[in-house]
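Visitor: Have a peek at my_file03.cif (mmCIF, C-alpha atoms).
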```
data_data
loop_
_atom_site.label_atom_id
_atom_site.label_comp_id
_atom_site.auth_asym_id
_atom_site.auth_seq_id
_atom_site.Cartn_x
_atom_site.Cartn_y
_atom_site.Cartn_z
CA MET A 1 -99.72 -36.82 -119.39
CA THR A 2 -102.47 -34.49 -118.16
CA GLU A 3 -102.20 -36.11 -114.73
CA PHE A 4 -98.42 -35.63 -114.74
CA VAL A 5 -98.76 -31.95 -115.64
CA THR A 6 -101.51 -31.38 -113.06
CA ILE A 7 -99.44 -32.99 -110.28
CA MET A 8 -96.41 -30.99 -111.39
CA ILE A 9 -98.23 -27.65 -111.32
CA VAL A 10 -99.95 -28.34 -107.98
CA LYS A 11 -96.61 -29.38 -106.49
CA MET A 12 -94.91 -26.31 -107.92
CA VAL A 13 -97.49 -23.92 -106.48
CA VAL A 14 -97.50 -25.65 -103.07
CA ILE A 15 -93.69 -25.72 -102.80
CA PHE A 16 -93.37 -22.12 -104.03
CA ALA A 17 -95.99 -20.92 -101.55
CA ALA A 18 -94.43 -22.91 -98.70
CA VAL A 19 -90.97 -21.50 -99.41
CA MET A 20 -92.32 -17.95 -99.68
CA GLY A 21 -94.21 -18.36 -96.40
CA THR A 22 -91.21 -19.84 -94.61
CA MET A 23 -89.02 -17.10 -96.00
CA THR A 24 -91.19 -14.27 -94.67
CA TYR A 25 -91.25 -15.87 -91.23
CA ILE A 26 -87.49 -16.47 -91.27
CA THR A 27 -87.10 -12.66 -91.47
CA LEU A 28 -89.20 -12.37 -88.31
CA ALA A 29 -87.40 -15.27 -86.63
CA GLU A 30 -84.08 -13.62 -87.42
CA ARG A 31 -85.11 -10.32 -85.84
CA LYS A 32 -86.63 -12.07 -82.83
CA ILE A 33 -83.66 -14.35 -82.21
CA LEU A 34 -81.17 -11.51 -82.69
CA GLY A 35 -83.30 -9.47 -80.31
CA TYR A 36 -83.31 -12.06 -77.56
CA MET A 37 -79.60 -12.69 -78.02
CA GLN A 38 -79.02 -8.98 -77.41
CA ILE A 39 -81.45 -8.95 -74.44
CA ARG A 40 -84.23 -6.97 -76.14
CA PRO A 41 -87.64 -8.25 -77.25
CA GLY A 42 -87.39 -7.62 -81.02
CA PRO A 43 -90.53 -6.71 -83.02
CA ASN A 44 -93.60 -7.14 -80.77
CA ARG A 45 -96.05 -4.40 -81.76
CA VAL A 46 -97.73 -5.73 -84.92
CA GLY A 47 -99.93 -8.64 -83.93
CA PRO A 48 -99.37 -11.01 -81.01
CA TRP A 49 -95.64 -11.60 -80.47
CA GLY A 50 -94.95 -9.58 -83.64
CA LEU A 51 -96.39 -12.33 -85.80
CA LEU A 52 -97.92 -9.96 -88.34
CA GLN A 53 -94.70 -7.95 -88.73
CA PRO A 54 -93.51 -9.68 -91.96
CA ILE A 55 -96.91 -9.07 -93.59
CA ALA A 56 -96.86 -5.41 -92.57
CA ASP A 57 -93.32 -5.09 -93.95
CA GLY A 58 -94.36 -6.72 -97.20
CA ILE A 59 -97.34 -4.42 -97.71
CA LYS A 60 -95.26 -1.38 -96.80
CA LEU A 61 -92.54 -2.22 -99.32
CA PHE A 62 -95.12 -3.01 -101.99
CA LEU A 63 -96.84 0.37 -101.64
CA LYS A 64 -93.69 2.53 -101.56
CA GLU A 65 -92.65 4.87 -104.35
CA ASP A 66 -90.62 3.15 -107.05
CA ILE A 67 -87.59 5.41 -107.62
CA ILE A 68 -85.45 5.03 -110.72
CA PRO A 69 -82.47 7.43 -110.49
CA ASP A 70 -82.25 9.65 -113.57
CA LYS A 71 -78.63 8.68 -114.28
CA ALA A 72 -79.24 4.93 -114.01
CA SER A 73 -79.32 2.60 -117.02
CA LYS A 74 -83.07 2.07 -116.88
CA ALA A 75 -83.49 -1.36 -118.48
CA VAL A 76 -80.63 -3.00 -116.57
CA PHE A 77 -81.72 -1.28 -113.36
CA VAL A 78 -85.15 -2.91 -113.64
CA ILE A 79 -83.91 -6.34 -114.80
CA ALA A 80 -81.18 -6.71 -112.13
CA PRO A 81 -83.45 -7.43 -109.10
CA ALA A 82 -85.40 -9.99 -111.13
CA MET A 83 -82.12 -11.58 -112.17
CA ALA A 84 -81.19 -12.00 -108.52
CA LEU A 85 -84.57 -13.52 -107.63
CA ILE A 86 -85.19 -15.88 -110.56
CA PRO A 87 -82.13 -18.17 -109.99
CA ALA A 88 -82.91 -18.20 -106.27
CA VAL A 89 -86.42 -19.49 -106.95
CA MET A 90 -85.23 -21.95 -109.59
CA THR A 91 -82.79 -23.75 -107.29
CA ILE A 92 -85.72 -24.85 -105.09
CA ALA A 93 -86.75 -27.27 -107.87
CA VAL A 94 -84.20 -29.92 -106.95
CA VAL A 95 -84.19 -29.59 -103.14
CA PRO A 96 -85.60 -32.95 -101.95
CA PHE A 97 -88.01 -32.07 -99.14
CA GLY A 98 -89.31 -35.61 -98.68
CA PRO A 99 -89.51 -39.05 -100.30
CA THR A 100 -92.34 -40.45 -102.41
CA VAL A 101 -95.67 -40.53 -100.56
CA THR A 102 -99.13 -41.67 -101.61
CA ILE A 103 -101.70 -38.88 -101.92
CA LEU A 104 -105.22 -39.79 -103.18
CA GLY A 105 -103.94 -43.17 -104.33
CA ARG A 106 -101.17 -41.70 -106.50
CA PRO A 107 -97.43 -41.79 -105.75
CA VAL A 108 -96.18 -38.22 -105.37
CA ASP A 109 -92.59 -37.12 -104.75
CA ILE A 110 -92.21 -34.23 -102.31
CA TYR A 111 -89.72 -32.49 -104.60
CA MET A 112 -90.17 -30.99 -108.02
CA ALA A 113 -87.46 -32.79 -109.99
CA ASP A 114 -84.80 -35.39 -109.30
CA LEU A 115 -82.19 -34.52 -111.91
CA ASN A 116 -79.26 -36.88 -112.36
CA ILE A 117 -77.06 -33.75 -112.26
CA GLY A 118 -78.93 -32.28 -109.25
CA ILE A 119 -76.11 -30.73 -107.27
CA LEU A 120 -74.37 -29.48 -110.41
CA TYR A 121 -77.63 -27.81 -111.47
CA ILE A 122 -77.82 -25.97 -108.14
CA PHE A 123 -74.28 -24.68 -108.52
CA ALA A 124 -74.85 -23.66 -112.14
CA VAL A 125 -78.10 -21.80 -111.48
CA SER A 126 -77.20 -20.19 -108.16
CA SER A 127 -74.05 -18.63 -109.61
CA ILE A 128 -76.22 -16.75 -112.13
CA GLY A 129 -77.47 -14.78 -109.10
CA VAL A 130 -74.11 -12.97 -109.05
CA TYR A 131 -75.07 -11.26 -112.32
CA GLY A 132 -78.08 -9.68 -110.68
CA ILE A 133 -75.86 -8.16 -108.01
CA VAL A 134 -73.11 -6.98 -110.36
CA LEU A 135 -75.61 -5.45 -112.78
CA ALA A 136 -77.49 -3.78 -109.92
CA GLY A 137 -74.25 -2.20 -108.72
CA TRP A 138 -73.25 -1.12 -112.22
CA ALA A 139 -76.63 0.16 -113.42
CA SER A 140 -77.33 2.33 -110.35
CA GLU A 141 -74.64 4.86 -111.30
CA SER A 142 -73.80 5.45 -107.67
CA LYS A 143 -70.36 5.03 -106.10
CA TYR A 144 -71.64 3.00 -103.18
CA SER A 145 -73.54 0.66 -105.46
CA LEU A 146 -70.59 0.16 -107.78
CA LEU A 147 -68.19 -0.66 -104.94
CA GLY A 148 -70.76 -2.89 -103.25
CA GLY A 149 -71.42 -4.78 -106.47
CA LEU A 150 -67.70 -5.27 -107.12
CA ARG A 151 -67.04 -6.47 -103.62
CA ALA A 152 -69.98 -8.85 -103.77
CA SER A 153 -68.91 -10.38 -107.05
CA ALA A 154 -65.27 -10.81 -105.97
CA GLN A 155 -66.39 -12.38 -102.70
CA MET A 156 -68.95 -14.68 -104.24
CA ILE A 157 -66.67 -16.04 -106.95
CA SER A 158 -63.82 -16.53 -104.46
CA TYR A 159 -65.94 -18.62 -102.11
CA GLU A 160 -67.69 -20.49 -104.89
CA LEU A 161 -64.39 -22.30 -105.54
CA SER A 162 -64.07 -23.72 -102.02
CA MET A 163 -67.77 -24.60 -102.08
CA GLY A 164 -67.36 -26.54 -105.31
CA PHE A 165 -64.27 -28.38 -104.08
CA ALA A 166 -65.88 -29.17 -100.70
CA ILE A 167 -68.80 -31.04 -102.28
CA VAL A 168 -66.44 -33.22 -104.36
CA GLY A 169 -65.86 -35.20 -101.14
CA VAL A 170 -69.61 -35.85 -100.79
CA ILE A 171 -69.91 -36.87 -104.44
CA MET A 172 -67.01 -39.31 -104.02
CA MET A 173 -68.84 -40.99 -101.16
CA SER A 174 -72.31 -41.06 -102.74
CA GLN A 175 -71.10 -41.85 -106.31
CA SER A 176 -73.91 -39.70 -107.67
CA LEU A 177 -74.87 -36.10 -108.36
CA SER A 178 -78.57 -36.74 -107.78
CA MET A 179 -79.88 -35.20 -104.55
CA VAL A 180 -82.13 -38.20 -103.84
CA LYS A 181 -79.29 -40.70 -104.38
CA ILE A 182 -77.06 -38.65 -102.04
CA ILE A 183 -79.70 -38.97 -99.29
CA GLU A 184 -80.08 -42.69 -99.97
CA ALA A 185 -76.31 -43.10 -99.61
CA GLN A 186 -76.57 -41.72 -96.05
CA GLN A 187 -78.88 -44.38 -94.64
CA GLY A 188 -76.03 -45.71 -92.48
CA VAL A 189 -73.99 -42.72 -91.34
CA TRP A 190 -74.72 -39.05 -92.10
CA PHE A 191 -71.96 -37.56 -94.22
CA ILE A 192 -71.26 -34.95 -91.53
CA VAL A 193 -69.28 -37.64 -89.67
CA PRO A 194 -66.85 -38.80 -92.39
CA GLN A 195 -66.94 -35.41 -94.14
CA LEU A 196 -66.73 -33.17 -91.06
CA PHE A 197 -63.85 -31.22 -92.57
CA GLY A 198 -65.75 -30.73 -95.83
CA PHE A 199 -68.87 -29.70 -93.89
CA ILE A 200 -67.02 -26.93 -92.05
CA ILE A 201 -65.55 -25.64 -95.33
CA TYR A 202 -68.91 -25.85 -97.08
CA ILE A 203 -70.95 -24.01 -94.47
CA THR A 204 -68.34 -21.24 -94.10
CA ALA A 205 -68.14 -20.76 -97.85
CA ALA A 206 -71.93 -20.91 -98.16
CA MET A 207 -72.37 -18.14 -95.61
CA ALA A 208 -69.88 -16.01 -97.54
CA GLU A 209 -71.72 -16.83 -100.75
CA LEU A 210 -74.96 -15.62 -99.13
CA ASN A 211 -73.31 -12.37 -97.98
CA ARG A 212 -74.32 -13.18 -94.41
CA THR A 213 -72.57 -11.73 -91.40
CA PRO A 214 -69.59 -12.10 -90.74
CA PHE A 215 -69.14 -11.89 -94.52
CA ASP A 216 -71.64 -9.10 -95.23
CA LEU A 217 -69.07 -6.63 -96.60
CA PRO A 218 -70.95 -6.02 -99.87
CA GLU A 219 -73.70 -4.34 -97.86
CA GLY A 220 -71.59 -3.20 -94.91
CA GLU A 221 -73.82 -0.35 -93.81
CA SER A 222 -71.13 1.50 -91.88
CA GLU A 223 -69.03 2.07 -95.02
CA LEU A 224 -71.16 1.45 -98.11
CA VAL A 225 -74.65 2.59 -96.95
CA ALA A 226 -76.35 -0.53 -98.35
CA GLY A 227 -73.91 -1.69 -101.00
CA TYR A 228 -75.29 -2.75 -104.36
CA PHE A 229 -78.93 -1.94 -103.52
CA THR A 230 -78.33 1.59 -102.19
CA GLU A 231 -80.39 3.16 -105.01
CA TYR A 232 -83.20 0.63 -104.92
CA SER A 233 -86.57 1.20 -103.30
CA SER A 234 -90.02 -0.37 -103.13
CA MET A 235 -90.53 -3.86 -104.58
CA LYS A 236 -87.18 -3.84 -106.39
CA TYR A 237 -85.42 -3.55 -103.05
CA ALA A 238 -87.70 -6.24 -101.62
CA MET A 239 -86.67 -8.49 -104.51
CA PHE A 240 -83.05 -8.54 -103.32
CA MET A 241 -84.26 -9.37 -99.81
CA LEU A 242 -86.50 -12.15 -101.15
CA ALA A 243 -83.60 -13.57 -103.14
CA GLU A 244 -81.32 -13.46 -100.09
CA TYR A 245 -83.76 -15.25 -97.80
CA ILE A 246 -84.82 -17.82 -100.41
CA ASN A 247 -81.12 -18.54 -100.91
CA ILE A 248 -80.78 -19.08 -97.16
CA ILE A 249 -83.52 -21.72 -97.35
CA THR A 250 -81.95 -23.37 -100.39
CA VAL A 251 -78.48 -23.45 -98.87
CA SER A 252 -79.87 -24.89 -95.62
CA GLY A 253 -81.68 -27.47 -97.73
CA ILE A 254 -78.46 -28.36 -99.52
CA VAL A 255 -76.54 -28.66 -96.24
CA THR A 256 -79.32 -30.90 -94.89
CA THR A 257 -79.23 -33.05 -98.01
CA LEU A 258 -75.48 -33.33 -98.40
CA TYR A 259 -74.34 -33.65 -94.80
CA LEU A 260 -77.25 -34.17 -92.40
CA GLY A 261 -78.91 -37.20 -94.00
CA GLY A 262 -81.77 -35.31 -95.66
CA TRP A 263 -85.19 -36.64 -94.73
CA SER A 264 -83.93 -39.75 -92.90
CA GLY A 265 -84.66 -40.02 -89.17
CA PRO A 266 -86.61 -42.20 -86.73
CA VAL A 267 -90.31 -42.04 -85.67
CA LEU A 268 -91.33 -38.67 -87.19
CA PRO A 269 -92.40 -38.46 -90.86
CA PRO A 270 -89.55 -37.77 -93.31
CA LEU A 271 -90.84 -34.36 -94.44
CA LEU A 272 -90.90 -33.17 -90.82
CA TRP A 273 -87.34 -34.39 -90.31
CA PHE A 274 -86.21 -32.44 -93.33
CA VAL A 275 -87.90 -29.25 -92.10
CA ILE A 276 -86.47 -29.66 -88.58
CA LYS A 277 -82.93 -30.08 -89.92
CA LEU A 278 -83.37 -27.22 -92.38
CA LEU A 279 -84.58 -24.84 -89.66
CA ALA A 280 -81.73 -25.95 -87.39
CA VAL A 281 -79.25 -24.86 -90.09
CA VAL A 282 -81.10 -21.55 -90.50
CA PHE A 283 -80.97 -21.03 -86.74
CA PHE A 284 -77.23 -21.74 -86.80
CA MET A 285 -76.74 -19.02 -89.43
CA ILE A 286 -78.69 -16.50 -87.34
CA TRP A 287 -76.72 -17.51 -84.26
CA VAL A 288 -73.45 -16.88 -86.12
CA ARG A 289 -74.74 -13.46 -87.13
CA ALA A 290 -75.33 -12.55 -83.48
CA THR A 291 -71.92 -13.87 -82.40
CA VAL A 292 -69.20 -13.09 -84.93
CA PRO A 293 -68.15 -9.54 -85.90
CA ARG A 294 -67.69 -8.57 -89.55
CA LEU A 295 -64.36 -9.38 -91.21
CA ARG A 296 -62.08 -6.82 -92.88
CA TYR A 297 -61.89 -7.11 -96.68
CA ASP A 298 -58.30 -8.37 -96.78
CA GLN A 299 -59.13 -10.92 -94.06
CA LEU A 300 -62.07 -12.07 -96.14
CA MET A 301 -59.92 -12.63 -99.22
CA THR A 302 -57.17 -14.30 -97.16
CA LEU A 303 -59.70 -16.68 -95.62
CA GLY A 304 -61.16 -17.56 -99.01
CA TRP A 305 -58.01 -18.01 -101.05
CA LYS A 306 -55.34 -18.97 -98.51
CA VAL A 307 -57.30 -21.03 -95.99
CA LEU A 308 -60.52 -22.48 -97.43
CA LEU A 309 -59.29 -23.14 -100.98
CA PRO A 310 -56.18 -25.18 -100.02
CA ALA A 311 -58.17 -26.85 -97.23
CA SER A 312 -60.91 -27.93 -99.62
CA ILE A 313 -58.36 -29.32 -102.08
CA VAL A 314 -56.64 -31.26 -99.26
CA ASN A 315 -60.10 -32.55 -98.27
CA ILE A 316 -60.44 -34.19 -101.69
CA LEU A 317 -57.11 -35.97 -101.17
CA LEU A 318 -58.14 -37.07 -97.66
CA THR A 319 -61.53 -38.44 -98.72
CA PRO A 320 -60.27 -41.79 -100.15
CA ILE A 321 -58.39 -42.41 -96.88
CA ILE A 322 -61.49 -41.56 -94.83
CA MET A 323 -63.59 -43.83 -97.05
CA LYS A 324 -61.12 -46.66 -96.44
CA ILE A 325 -61.38 -46.13 -92.66
CA PHE A 326 -65.20 -46.04 -92.70
CA GLY A 327 -65.36 -49.06 -94.98
CA TYR A 328 -66.86 -47.38 -98.08
CA LEU A 329 -64.03 -48.62 -100.31
CA MET B 1 -86.02 -34.57 -120.83
CA ILE B 2 -89.37 -34.82 -119.02
CA ASN B 3 -87.38 -34.31 -115.81
CA TYR B 4 -86.65 -30.76 -116.88
CA LEU B 5 -90.29 -29.82 -117.42
CA PRO B 6 -90.83 -28.81 -113.73
CA ILE B 7 -87.77 -26.60 -113.99
CA LEU B 8 -89.08 -24.87 -117.08
CA SER B 9 -92.45 -24.31 -115.40
CA LEU B 10 -90.76 -22.97 -112.27
CA PHE B 11 -88.73 -20.62 -114.47
CA VAL B 12 -91.94 -19.30 -116.04
CA LEU B 13 -93.47 -18.85 -112.56
CA ALA B 14 -90.36 -17.05 -111.24
CA VAL B 15 -90.20 -14.67 -114.22
CA THR B 16 -93.91 -13.90 -113.99
CA PHE B 17 -93.71 -13.35 -110.23
CA ALA B 18 -90.59 -11.15 -110.41
CA PHE B 19 -91.70 -8.85 -113.23
CA GLY B 20 -95.35 -8.98 -112.18
CA THR B 21 -94.70 -7.68 -108.67
CA ILE B 22 -92.20 -5.08 -109.90
CA LEU B 23 -94.74 -3.78 -112.43
CA ALA B 24 -97.64 -3.91 -109.95
CA SER B 25 -95.78 -1.98 -107.26
CA HIS B 26 -94.62 0.51 -109.89
CA LEU B 27 -98.24 1.14 -110.90
CA ILE B 28 -99.69 1.19 -107.35
CA GLY B 29 -97.01 3.20 -105.56
CA PRO B 30 -97.09 7.01 -105.34
CA LYS B 31 -95.11 9.00 -107.91
CA ASN B 32 -93.58 12.22 -106.73
CA PRO B 33 -90.13 12.51 -108.33
CA TYR B 34 -87.97 15.63 -108.17
CA ARG B 35 -84.35 16.28 -109.09
CA GLU B 36 -82.82 15.70 -105.66
CA LYS B 37 -84.68 12.47 -105.14
CA LEU B 38 -83.52 11.09 -108.47
CA SER B 39 -79.83 11.95 -107.98
CA PRO B 40 -77.47 9.22 -106.69
CA TYR B 41 -77.35 8.96 -102.90
CA GLU B 42 -74.27 10.46 -101.34
CA CYS B 43 -75.16 10.98 -97.70
CA GLY B 44 -77.26 14.07 -98.49
CA MET B 45 -74.47 16.07 -100.16
CA PRO B 46 -74.61 17.07 -103.84
CA PRO B 47 -72.96 14.18 -105.77
CA VAL B 48 -69.26 14.75 -106.46
CA GLY B 49 -67.44 13.72 -109.64
CA ASN B 50 -68.11 10.85 -111.98
CA THR B 51 -70.20 7.93 -110.80
CA LYS B 52 -68.28 5.45 -112.96
CA GLU B 53 -65.30 5.36 -110.60
CA ARG B 54 -62.04 3.66 -111.51
CA PHE B 55 -61.55 0.59 -109.32
CA PRO B 56 -58.52 -1.53 -108.36
CA ILE B 57 -57.21 -4.04 -110.90
CA LYS B 58 -57.18 -6.61 -108.05
CA PHE B 59 -60.78 -7.49 -108.85
CA TYR B 60 -59.76 -8.40 -112.40
CA ILE B 61 -57.02 -10.74 -111.18
CA ILE B 62 -59.45 -12.44 -108.80
CA ALA B 63 -61.91 -12.98 -111.65
CA MET B 64 -59.15 -14.49 -113.81
CA LEU B 65 -57.95 -16.83 -111.06
CA PHE B 66 -61.55 -17.85 -110.43
CA ILE B 67 -62.02 -18.99 -114.03
CA ILE B 68 -58.84 -21.10 -113.93
CA PHE B 69 -59.67 -22.85 -110.66
CA ASP B 70 -63.33 -23.24 -111.51
CA ILE B 71 -62.48 -25.11 -114.72
CA GLU B 72 -60.26 -27.44 -112.70
CA GLY B 73 -63.18 -27.97 -110.34
CA VAL B 74 -65.34 -28.95 -113.30
CA PHE B 75 -62.85 -31.76 -114.09
CA MET B 76 -63.10 -33.11 -110.56
CA ILE B 77 -66.87 -33.53 -110.34
CA PRO B 78 -67.27 -36.19 -113.09
CA TRP B 79 -64.15 -37.91 -111.77
CA ALA B 80 -65.68 -38.05 -108.27
CA VAL B 81 -68.79 -39.82 -109.61
CA VAL B 82 -66.82 -42.68 -111.19
CA PHE B 83 -63.63 -42.78 -109.13
CA LYS B 84 -64.46 -46.15 -107.53
CA ARG B 85 -64.66 -47.76 -110.96
CA LEU B 86 -61.41 -46.13 -112.07
CA GLY B 87 -59.60 -47.74 -109.13
CA MET B 88 -56.02 -47.03 -108.20
CA PHE B 89 -55.19 -45.62 -111.64
CA GLY B 90 -57.84 -42.91 -111.33
CA LEU B 91 -56.74 -42.07 -107.82
CA ILE B 92 -53.08 -41.57 -108.76
CA GLU B 93 -54.06 -39.66 -111.91
CA MET B 94 -56.20 -37.25 -109.85
CA GLY B 95 -53.42 -37.03 -107.24
CA VAL B 96 -51.07 -35.78 -109.95
CA PHE B 97 -53.70 -33.35 -111.24
CA ILE B 98 -54.35 -31.95 -107.75
CA ALA B 99 -50.59 -31.67 -107.14
CA ILE B 100 -50.27 -29.52 -110.27
CA LEU B 101 -53.25 -27.47 -109.07
CA LEU B 102 -51.62 -26.92 -105.67
CA ILE B 103 -48.32 -25.92 -107.34
CA GLY B 104 -50.31 -23.40 -109.39
CA LEU B 105 -51.92 -22.03 -106.24
CA ALA B 106 -48.52 -21.82 -104.52
CA TYR B 107 -47.13 -19.91 -107.53
CA VAL B 108 -50.01 -17.43 -107.52
CA TRP B 109 -49.61 -17.03 -103.75
CA LYS B 110 -45.82 -16.47 -104.06
CA LYS B 111 -46.35 -13.91 -106.83
CA GLY B 112 -48.52 -11.91 -104.44
CA ALA B 113 -51.73 -12.09 -106.50
CA LEU B 114 -53.68 -12.99 -103.36
CA GLU B 115 -52.48 -10.01 -101.29
CA TRP B 116 -54.86 -7.18 -100.43
CA GLU B 117 -53.32 -4.10 -98.87
#
```
Would you kindly transcribe this structure into structure tokens?
Guide:
Amino acid sequence: MTEFVTIMIVKMVVIFAAVMGTMTYITLAERKILGYMQIRPGPNRVGPWGLLQPIADGIKLFLKEDIIPDKASKAVFVIAPAMALIPAVMTIAVVPFGPTVTILGRPVDIYMADLNIGILYIFAVSSIGVYGIVLAGWASESKYSLLGGLRASAQMISYELSMGFAIVGVIMMSQSLSMVKIIEAQQGVWFIVPQLFGFIIYITAAMAELNRTPFDLPEGESELVAGYFTEYSSMKYAMFMLAEYINIITVSGIVTTLYLGGWSGPVLPPLLWFVIKLLAVVFFMIWVRATVPRLRYDQLMTLGWKVLLPASIVNILLTPIIMKIFGYL
Amino acid sequence: MINYLPILSLFVLAVTFAFGTILASHLIGPKNPYREKLSPYECGMPPVGNTKERFPIKFYIIAMLFIIFDIEGVFMIPWAVVFKRLGMFGLIEMGVFIAILLIGLAYVWKKGALEWE
């Protein structure tokens, strides 16, 4: 029992630190890649090649004045950023980074928990993050925040539907909700091949769920200043950013697990394969940000309700036929 | 239940981290508040009117539709896990269910609940 708890805590700290580290450098990678795509160098003053930029940003945000507007509902205003971050961190628990390996003579899984309801757990916990955003918008007592929070919640719940329906196809093929079992079911063919349609729906809906460009209306700076976190400063503002970038890692991890075969791949160790695939998905999201302009709000709602939702339902009906063709049935 | 222990411990870590850093930065950061700084941001102008604005009822309809469709989604996930064992019966049953769902969506669409002007 003591050994189990020790392994658990060590694993938790290592995974948490690794995700935090990756997250800070994804912010730099995003600025660098966007920079080069727009033919400018991006951050390059702090440290060689701008490598110390995320650390400088972190320290700066940490040391800034913590402003609580006098009209704001104080308790909710303080709790809201934490409520956005906590679910984001908790979803990491079931992302399977690698299979069981032997460290110091003991078998250790490179994931925190393999729940038999894995994917359902991710959906349940990640949707709690919406509360953080709605409450932040409501508690700030600012018009921009309120509108930003409303927009964000409407957008996130609209796209959550298509996301949920899109993964039904994957569950039908893997016959399990466990993340590890889903990877094991992809030893032959990655699910991106039979579930290509579902993959396109999922990644579009996931980007909307993350409020990434081209779906970043909740924080559309040209109309809403910064949306739901307009009134936030210092570490509370950083908390929303942390939550956003941790969610990017989690979503990329889910895409890798559900559609790209997880840790499976030739020659290289499984953990490395998982990281490569995960970073490829992150790069894809940054690439989309540099390429596609922001949608209008009515276009956003039309895409969610009139295109992705019917398409994801049709995908469920198509899946048995696809499974017959690929010989799963 | 032992499977859920890592999740509980991660929850404790996340809560400690979130509130710990918020509290620490609150204590470390400078404090120099004045009335203008603490008023809601409105592009530098004095704030106009009430901050609890009225907002379109559209958002309410979207929330209601979400609950309906989300519950239907909840039915599909357990079905998807066992649908091979249910065989043809399960497939036709779910086909009927999805057909009703699509009729519902078509009705909502026709009624104009999905329009944003």
Visitor: Report the residues retrieved by the PyMOL selection byres ((chain A and resi 23) around 9) from the displayed file, expressed as an MDAnalysis selection string.
Guide: chainID A and resid 18:22 24:27 242 245:246 248:249
Visitor: Taking all atoms listed in the file into account, find every residue of chain A that has an atom no more than 7 Å from chain B, and write it out as a ChimeraX atom specification.
Guide: /A:8,12,62-66,68-70,82,86,89-90,93,112-113,115,141-143,154,157-158,161,164-165,168,171-172,175-176,231,235-236,298
Visitor: Could you please determine the separation between atom CA of Pro266 of chain A and atom CA of Gly253 of chain A in Å, to one decimal place?
Guide: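 Atom-to-atom, atom CA of Pro266 of chain A to atom CA of Gly253 of chain A, that is 19.0 Å.
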Visitor: Just how far from atom CA of Ile57 of chain B is atom CA of Ala113 of chain B, in Å to one decimal?
Guide: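 We find that atom CA of Ala113 of chain B and atom CA of Ile57 of chain B lie 10.7 Å from each other.
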Visitor: Name the residues that the PyMOL selection byres ((chain A and resi 191-204) around 6) pulls out of this structure, and write them as a ChimeraX atom specification.
Guide: /A:163,166,190,205-207,259
Visitor: Include C-alpha atoms and write out the residues we just selected as a PDB file, keeping the file's coordinate frame.
Guide:
```pdb
ATOM      1  CA  MET A 163     -67.770 -24.600-102.080  1.00  0.00           C
ATOM      2  CA  ALA A 166     -65.880 -29.170-100.700  1.00  0.00           C
ATOM      3  CA  TRP A 190     -74.720 -39.050 -92.100  1.00  0.00           C
ATOM      4  CA  ALA A 205     -68.140 -20.760 -97.850  1.00  0.00           C
ATOM      5  CA  ALA A 206     -71.930 -20.910 -98.160  1.00  0.00           C
ATOM      6  CA  MET A 207     -72.370 -18.140 -95.610  1.00  0.00           C
ATOM      7  CA  TYR A 259     -74.340 -33.650 -94.800  1.00  0.00           C
TER       8      TYR A 259
END
```
Visitor: Quick one: distance from atom CA of Met83 of chain A to atom CA of Leu217 of chain A in Å, one decimal?
Guide: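 Straight-line distance from atom CA of Met83 of chain A to atom CA of Leu217 of chain A works out to 20.9 Å.
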Visitor: Which residues match the PyMOL selection byres ((chain A and resi 323) around 12) in the file above, as a ChimeraX atom specification?
Guide: /A:169-174,189,191,193-195,315-322,324-329 /B:84
Visitor: Considering all atoms listed in the file, state which residue in the set A:Thr100, A:Asn247, A:Thr230, A:Ser312 is at the smallest distance from Leu147 of chain A.
Guide: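 Closest to Leu147 of chain A, using all atoms listed in the file: A:Thr230.
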Visitor: Could you give me, as an MDAnalysis selection string, the residues within 9 Å of segment 44-51 of chain A, counting all atoms listed in the file and dropping anything in the same chain fewer than 5 positions from it?
Guide: chainID A and resid 25 28 32 56
Visitor: Just write the chosen residues, C-alpha atoms, as an mmCIF file, keeping the file's coordinate frame.
Guide:
```
data_model
loop_
_atom_site.group_PDB
_atom_site.id
_atom_site.type_symbol
_atom_site.label_atom_id
_atom_site.label_comp_id
_atom_site.auth_asym_id
_atom_site.auth_seq_id
_atom_site.Cartn_x
_atom_site.Cartn_y
_atom_site.Cartn_z
ATOM 1 C CA TYR A 25 -91.250 -15.870 -91.230
ATOM 2 C CA LEU A 28 -89.200 -12.370 -88.310
ATOM 3 C CA LYS A 32 -86.630 -12.070 -82.830
ATOM 4 C CA ALA A 56 -96.860 -5.410 -92.570
#
```
Visitor: If you count only C-alpha atoms, which residues fall within 12 Å of Gly129 of chain A, apart from same-chain ones fewer than 2 positions away, as a ChimeraX atom specification?
Guide: /A:80-91,122-127,131-136,149,152-153,156-157,209-210,240,243-244,246-247
Visitor: Set up a box along x, y and z of the file covering all listed atoms of segment 74-82 of chain B, add 8 Å on every one of the six sides, and write the centre and edge lengths in Å to one decimal, as lines of an AutoDock Vina configuration file.
Guide:
```
center_x = -65.8
center_y = -35.8
center_z = -111.2
size_x = 21.9
size_y = 29.7
size_z = 21.8
```
